[in-house]
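Undergrad: For reference, this is final_37.cif, and it has mmCIF, C-alpha atoms.
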data_data
#
loop_
_atom_site.label_atom_id
_atom_site.label_comp_id
_atom_site.auth_asym_id
_atom_site.auth_seq_id
_atom_site.Cartn_x
_atom_site.Cartn_y
_atom_site.Cartn_z
CA MET A 231 -2.53 -22.24 -16.84
CA LYS A 232 -0.78 -20.10 -14.23
CA LYS A 233 -2.90 -18.16 -11.77
CA HIS A 234 -3.12 -14.38 -12.06
CA HIS A 235 -0.95 -12.49 -9.56
CA ALA A 236 -4.04 -10.99 -7.88
CA LYS A 237 -5.57 -14.43 -7.34
CA LEU A 238 -2.32 -15.68 -5.84
CA ALA A 239 -2.29 -12.72 -3.42
CA GLU A 240 -5.94 -13.24 -2.52
CA GLU A 241 -5.46 -16.93 -1.70
CA PHE A 242 -2.20 -16.30 0.14
CA TYR A 243 -3.42 -13.55 2.45
CA ASP A 244 -6.70 -15.33 3.12
CA LYS A 245 -4.56 -18.28 4.23
CA ILE A 246 -2.08 -16.44 6.49
CA ILE A 247 -4.42 -13.81 7.94
CA LYS A 248 -4.00 -14.97 11.55
CA LEU A 249 -0.19 -14.98 11.33
CA HIS A 250 -0.19 -11.59 9.61
CA HIS A 251 -2.62 -9.97 12.04
CA LYS A 252 -0.71 -11.29 15.04
CA GLU A 253 2.50 -9.60 13.89
CA PHE A 254 1.03 -6.53 12.17
CA HIS A 255 -1.66 -5.51 14.63
CA TYR A 256 -3.20 -2.10 15.30
CA GLU A 257 -0.87 -1.19 18.14
CA TYR A 258 2.25 -1.62 16.02
CA LEU A 259 3.09 0.49 12.96
CA GLN A 260 6.77 0.27 12.03
CA TYR A 261 6.29 3.23 9.68
CA VAL A 262 4.36 5.51 12.06
CA LYS A 263 6.81 8.41 11.59
CA TRP A 264 5.91 8.44 7.89
CA LEU A 265 2.21 8.51 8.77
CA ASP A 266 2.87 11.39 11.18
CA LEU A 267 4.66 13.28 8.41
CA LEU A 268 1.80 12.74 5.97
CA ALA A 269 -0.85 13.67 8.54
CA SER A 270 0.94 16.95 9.22
CA LYS A 271 0.48 17.90 5.56
CA LEU A 272 -3.25 17.12 5.31
CA SER A 273 -6.19 19.43 5.86
CA LYS A 274 -8.99 18.56 8.28
CA GLU A 275 -11.21 15.68 7.10
CA ALA A 276 -8.95 14.90 4.14
CA VAL A 277 -9.69 11.67 2.25
CA VAL A 278 -6.94 9.03 2.49
CA LEU A 279 -6.96 6.01 0.15
CA ASP A 280 -4.95 2.92 1.13
CA LEU A 281 -4.00 0.55 -1.68
CA GLY A 282 -3.65 -2.96 -0.27
CA CYS A 283 -5.02 -1.93 3.12
CA GLY A 284 -4.86 -5.41 4.67
CA ASN A 285 -6.40 -5.34 8.15
CA GLY A 286 -6.79 -1.57 7.92
CA ARG A 287 -4.19 -0.63 10.51
CA ALA A 288 -2.75 2.33 8.58
CA LEU A 289 -6.23 3.65 7.81
CA LYS A 290 -7.19 3.30 11.47
CA TYR A 291 -4.37 5.72 12.28
CA PHE A 292 -5.90 8.36 10.00
CA VAL A 293 -9.55 7.71 10.88
CA ASP A 294 -8.72 8.00 14.59
CA LYS A 295 -7.32 11.46 13.82
CA GLY A 296 -10.53 12.58 12.11
CA PHE A 297 -9.57 11.96 8.48
CA GLN A 298 -11.75 10.01 6.06
CA GLY A 299 -10.47 6.58 5.05
CA ILE A 300 -10.95 4.35 2.02
CA GLY A 301 -9.30 0.95 1.71
CA ILE A 302 -8.72 -1.31 -1.30
CA ASP A 303 -7.66 -4.93 -0.96
CA ILE A 304 -7.97 -8.24 -2.79
CA SER A 305 -8.40 -10.49 0.29
CA ASP A 306 -11.96 -11.01 1.55
CA LYS A 307 -10.72 -12.03 4.99
CA MET A 308 -8.48 -8.99 5.32
CA LEU A 309 -11.35 -6.74 4.30
CA LYS A 310 -13.66 -8.39 6.83
CA LEU A 311 -11.12 -7.70 9.56
CA ALA A 312 -10.63 -4.11 8.41
CA ARG A 313 -14.38 -3.42 8.39
CA LYS A 314 -14.65 -4.80 11.92
CA TYR A 315 -11.85 -2.71 13.44
CA VAL A 316 -12.19 0.43 11.30
CA PRO A 317 -15.97 0.76 10.85
CA LYS A 318 -15.83 4.45 9.93
CA ALA A 319 -13.76 3.78 6.81
CA ARG A 320 -15.05 2.46 3.49
CA PHE A 321 -13.55 -0.70 2.00
CA TYR A 322 -13.72 -2.24 -1.47
CA LYS A 323 -12.43 -5.41 -3.07
CA LYS A 324 -10.54 -4.36 -6.21
CA GLU A 325 -7.31 -4.79 -8.07
CA PHE A 326 -5.19 -1.65 -8.19
CA THR A 327 -5.60 -1.11 -11.93
CA GLN A 328 -9.41 -1.30 -11.50
CA ILE A 329 -9.57 1.76 -9.25
CA ASN A 330 -12.26 4.06 -10.64
CA PHE A 331 -12.64 6.96 -8.21
CA ASN A 332 -13.48 10.33 -9.70
CA PRO A 333 -10.57 12.45 -10.93
CA ASN A 334 -9.25 14.95 -8.38
CA SER A 335 -11.27 13.37 -5.52
CA ILE A 336 -8.60 11.96 -3.15
CA ASP A 337 -6.29 14.00 -0.89
CA ALA A 338 -3.70 11.30 -0.23
CA VAL A 339 -2.87 7.80 -1.44
CA ILE A 340 -0.87 5.45 0.75
CA SER A 341 0.37 1.92 0.15
CA PHE A 342 2.64 -0.27 2.25
CA PHE A 343 4.21 -3.39 0.70
CA ALA A 344 1.15 -4.35 -1.34
CA LEU A 345 2.34 -2.91 -4.65
CA ASN A 346 5.26 -5.34 -4.44
CA HIS A 347 2.79 -8.11 -5.36
CA ILE A 348 1.98 -6.81 -8.84
CA PRO A 349 4.11 -6.78 -12.02
CA LYS A 350 6.24 -3.69 -12.50
CA THR A 351 4.25 -2.76 -15.59
CA GLU A 352 1.11 -2.58 -13.44
CA PHE A 353 2.93 -0.52 -10.83
CA LYS A 354 3.52 2.13 -13.49
CA LYS A 355 -0.15 2.02 -14.50
CA THR A 356 -1.23 2.29 -10.87
CA MET A 357 0.90 5.38 -10.30
CA ASN A 358 -0.71 7.03 -13.32
CA ILE A 359 -4.13 6.22 -11.87
CA CYS A 360 -3.07 7.72 -8.54
CA LYS A 361 -2.02 10.90 -10.33
CA LYS A 362 -5.46 11.09 -11.96
CA ILE A 363 -7.57 10.58 -8.82
CA LEU A 364 -5.49 12.78 -6.51
CA LYS A 365 -6.57 16.37 -5.95
CA LYS A 366 -4.37 19.31 -6.87
CA TYR A 367 -1.17 18.98 -4.82
CA GLY A 368 -2.35 15.59 -3.53
CA ILE A 369 0.19 13.46 -1.68
CA LEU A 370 1.44 9.92 -2.27
CA LEU A 371 3.19 7.83 0.41
CA LEU A 372 4.71 4.48 -0.53
CA GLY A 373 6.45 1.76 1.44
CA MET A 374 8.08 -0.81 -0.86
CA VAL A 375 10.34 -3.81 -0.32
CA LYS A 376 13.85 -3.05 -1.59
CA GLY A 377 15.26 -5.47 -4.13
CA GLU A 378 15.85 -6.28 -7.79
CA SER A 379 14.10 -9.58 -8.57
CA GLU A 380 10.61 -10.03 -9.99
CA GLY A 381 8.50 -13.17 -10.39
CA LEU A 382 6.87 -16.00 -8.47
CA PHE A 383 8.33 -17.29 -5.21
CA LYS A 384 7.44 -19.64 -2.39
CA GLY A 385 8.22 -19.93 1.30
CA PHE A 386 6.82 -16.66 2.62
CA TYR A 387 5.56 -17.15 6.20
CA GLY A 388 6.78 -20.72 5.91
CA LYS A 389 4.04 -21.59 3.41
CA LYS A 390 4.52 -23.45 0.14
CA MET A 391 1.99 -21.27 -1.67
CA GLU A 392 3.17 -19.20 -4.64
CA LEU A 393 3.10 -15.42 -4.44
CA TYR A 394 4.13 -12.80 -6.97
CA GLY A 395 6.85 -10.43 -5.83
CA ALA A 396 8.80 -7.50 -7.26
CA GLY A 397 11.58 -5.66 -5.45
CA TYR A 398 12.45 -2.02 -6.14
CA SER A 399 15.43 0.26 -5.77
CA MET A 400 14.97 3.83 -4.61
CA SER A 401 16.01 5.18 -8.02
CA GLU A 402 13.57 2.87 -9.80
CA ILE A 403 10.61 4.11 -7.74
CA ILE A 404 11.63 7.75 -8.14
CA LYS A 405 11.93 7.33 -11.92
CA VAL A 406 8.39 5.91 -12.17
CA LEU A 407 6.95 8.65 -9.96
CA LYS A 408 8.63 11.43 -11.92
CA LEU A 409 7.28 10.00 -15.18
CA SER A 410 3.83 9.99 -13.56
CA LYS A 411 4.29 13.70 -12.69
CA PHE A 412 5.06 13.51 -8.98
CA ARG A 413 7.59 15.67 -7.15
CA ILE A 414 9.62 13.81 -4.52
CA LEU A 415 9.37 15.34 -1.03
CA LYS A 416 11.22 12.85 1.17
CA THR A 417 12.80 9.40 0.89
CA GLY A 418 14.26 6.85 3.26
CA ILE A 419 15.48 3.26 3.53
CA GLU A 420 14.81 1.37 6.76
CA HIS A 421 15.57 -2.16 7.90
CA PHE A 422 12.74 -4.36 9.15
CA LYS A 423 13.18 -7.57 11.10
CA GLY A 424 10.03 -9.47 11.99
CA LYS A 425 9.17 -12.91 13.25
CA TYR A 426 8.92 -14.45 9.78
CA PHE A 427 11.17 -12.35 7.54
CA GLU A 428 13.78 -9.62 7.39
CA GLU A 429 14.15 -6.97 4.68
CA ASP A 430 15.12 -3.43 3.71
CA ASP A 431 12.20 -1.15 2.91
CA VAL A 432 12.09 1.94 0.70
CA TYR A 433 9.81 4.85 1.69
CA VAL A 434 8.88 7.69 -0.64
CA LEU A 435 6.70 10.72 0.03
CA ALA A 436 5.71 12.62 -3.12
CA LYS A 437 3.33 15.35 -4.27
CA LYS A 438 1.28 15.55 -7.44
CA ILE A 439 2.58 18.08 -9.94
CA ASN A 440 -0.17 20.07 -11.67
#
Give the structure from the file, written as C-alpha cells.
TA:
Amino acid sequence: MKKHHAKLAEEFYDKIIKLHHKEFHYEYLQYVKWLDLLASKLSKEAVVLDLGCGNGRALKYFVDKGFQGIGIDISDKMLKLARKYVPKARFYKKEFTQINFNPNSIDAVISFFALNHIPKTEFKKTMNICKKILKKYGILLLGMVKGESEGLFKGFYGKKMELYGAGYSMSEIIKVLKLSKFRILKTGIEHFKGKYFEEDDVYVLAKKIN
C-alpha cells in the first residue's frame, strides 16, 4: 500500500530539517517583497495563518511586526523549531484539508511551496476552506512551484525518499482562486536558485470576494 502524501511529506521534512533550515533560515526570505506588500494591507494585530509554515520564518516576519501568527505543518521537527524561534505564534500539526478555524476569523492566509505537496484536487478544497475562514476582504498570498507534472518523485535534496509534488501554471492557480471567489490583486513569476535545486516560482496575491 502506498503511503499518503501527507505522511511522505512528514517523513521527508523530518529527515532533511537540518539541510532545509541551513538554507532557509530566518535571516533569508527570498519572497520578502511579497510579505512587505501583504503587511502594508493589514490592520494592526491582524491574524496571519501560514499553511505549511516549516520553521516559521515567514510567520516570524509578521510576529516581529506586531501581527498575530498561526502556523500549520505536518512535520513534528519543523514545528518544534518554529515554536522555539517564534514563541509568540501558535502552531498546530494538521493537514490542510483538516483546518477547522471559525468562519471569518483569519485576516490573511499565506503559504509558500507547501501546497505543491498535495494533490491538485486537495489544493482546490484547501482554497475553498481558506475562503471560508478568511474575514471579509481577507487576503491570500501564495508562493507555488511553477510546472505541469503531478505525482511521486525522488531525489529532492539528494535523498532517495519519495515525495508528492504538483507543479502549477499561473493561469491554473488563478482559475482555482476565481472559482473559490477570490479577486486577483497581483501576480509574479520569479526564478530561484538554491544550493540543492533551481526552479521558477509563481506568486499570487488575492482578496476574498464577499
Undergrad: For the PyMOL selection byres ((chain A and resi 293) around 12), applied here, can you spell out every residue it catches as a PyMOL selection string?
TA: chain A and resi 265+269+274-280+286-292+294-301+315-320
Undergrad: For Lys405 in chain A, which of A:Ile336, A:Ala239, A:Leu371, A:Met357 is the closest residue, counting all atoms listed in the file?
TA: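 Checking each of A:Ile336, A:Ala239, A:Leu371, A:Met357 against Lys405 in chain A, counting all atoms listed in the file, the winner is A:Met357.
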Undergrad: Looking at all atoms listed in the file, which of A:Met374, A:Val339, A:Leu407, A:Leu382 is the one that sits closest to Glu420 in chain A?
TA: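 Residue with the minimum atom-to-atom distance to Glu420 in chain A: A:Met374.
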Undergrad: Name the closest residue to Arg413 in chain A among the candidates A:Asn330, A:Asn440, A:Ser305, A:Thr356; distances are taken between atoms, counting only C-alpha atoms.
TA: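 For Arg413 in chain A, the nearest of the given residues is A:Asn440.
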Undergrad: Considering all atoms listed in the file, return as a PyMOL selection string whatever protein or nucleic-acid residues lie within 12 Å of Gln260 in chain A, sequence-local ones (same chain, fewer than 2 positions apart) excluded.
TA: chain A and resi 253-258+262-266+287-288+342+373+420-424+431+433
Undergrad: I need the chosen residues saved as a compact mmCIF listing (two decimals), in the coordinates of the input, with C-alpha atoms.
TA:
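Dumped everything to selection.txt:
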# COMPACT_ATOMS: atom_id res chain seq x y z
CA GLU A 253 2.50 -9.60 13.89
CA PHE A 254 1.03 -6.53 12.17
CA HIS A 255 -1.66 -5.51 14.63
CA TYR A 256 -3.20 -2.10 15.30
CA GLU A 257 -0.87 -1.19 18.14
CA TYR A 258 2.25 -1.62 16.02
CA VAL A 262 4.36 5.51 12.06
CA LYS A 263 6.81 8.41 11.59
CA TRP A 264 5.91 8.44 7.89
CA LEU A 265 2.21 8.51 8.77
CA ASP A 266 2.87 11.39 11.18
CA ARG A 287 -4.19 -0.63 10.51
CA ALA A 288 -2.75 2.33 8.58
CA PHE A 342 2.64 -0.27 2.25
CA GLY A 373 6.45 1.76 1.44
CA GLU A 420 14.81 1.37 6.76
CA HIS A 421 15.57 -2.16 7.90
CA PHE A 422 12.74 -4.36 9.15
CA LYS A 423 13.18 -7.57 11.10
CA GLY A 424 10.03 -9.47 11.99
CA ASP A 431 12.20 -1.15 2.91
CA TYR A 433 9.81 4.85 1.69
Undergrad: Would you list the contacts of Tyr426 in chain A as a list in words, taking every protein, DNA or RNA residue within 8 Å and counting only C-alpha atoms, but skipping same-chain residues closer than 6 positions in sequence?
TA: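 Surrounding residues, per the criterion: Phe386, Tyr387 and Gly388 of chain A.
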Undergrad: Output C-alpha atoms for every residue in the selection just made, as a compact mmCIF listing (two decimals), in the frame of the given file.
TA:
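Saved the output as out_18.txt:
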# COMPACT_ATOMS: atom_id res chain seq x y z
CA PHE A 386 6.82 -16.66 2.62
CA TYR A 387 5.56 -17.15 6.20
CA GLY A 388 6.78 -20.72 5.91
Undergrad: So which residues touch Ala436 in chain A within 6 Å, counting all atoms listed in the file, skipping near sequence neighbours fewer than 2 positions away, as an MDAnalysis selection string?
TA: chainID A and resid 369:370 412:415
Undergrad: I need every residue sitting at most 7 Å from the point (-10.5, -2.7, 3.9) (coordinates as in the file, all atoms listed in the file considered), written as a list in words.
TA: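 Applying the cut-off with all atoms listed in the file, one gets Cys283, Gly284, Asn285, Gly286, Gly301, Ile302, Asp303, Met308, Leu309, Ala312, Arg313, Arg320, Phe321 and Tyr322 of chain A.
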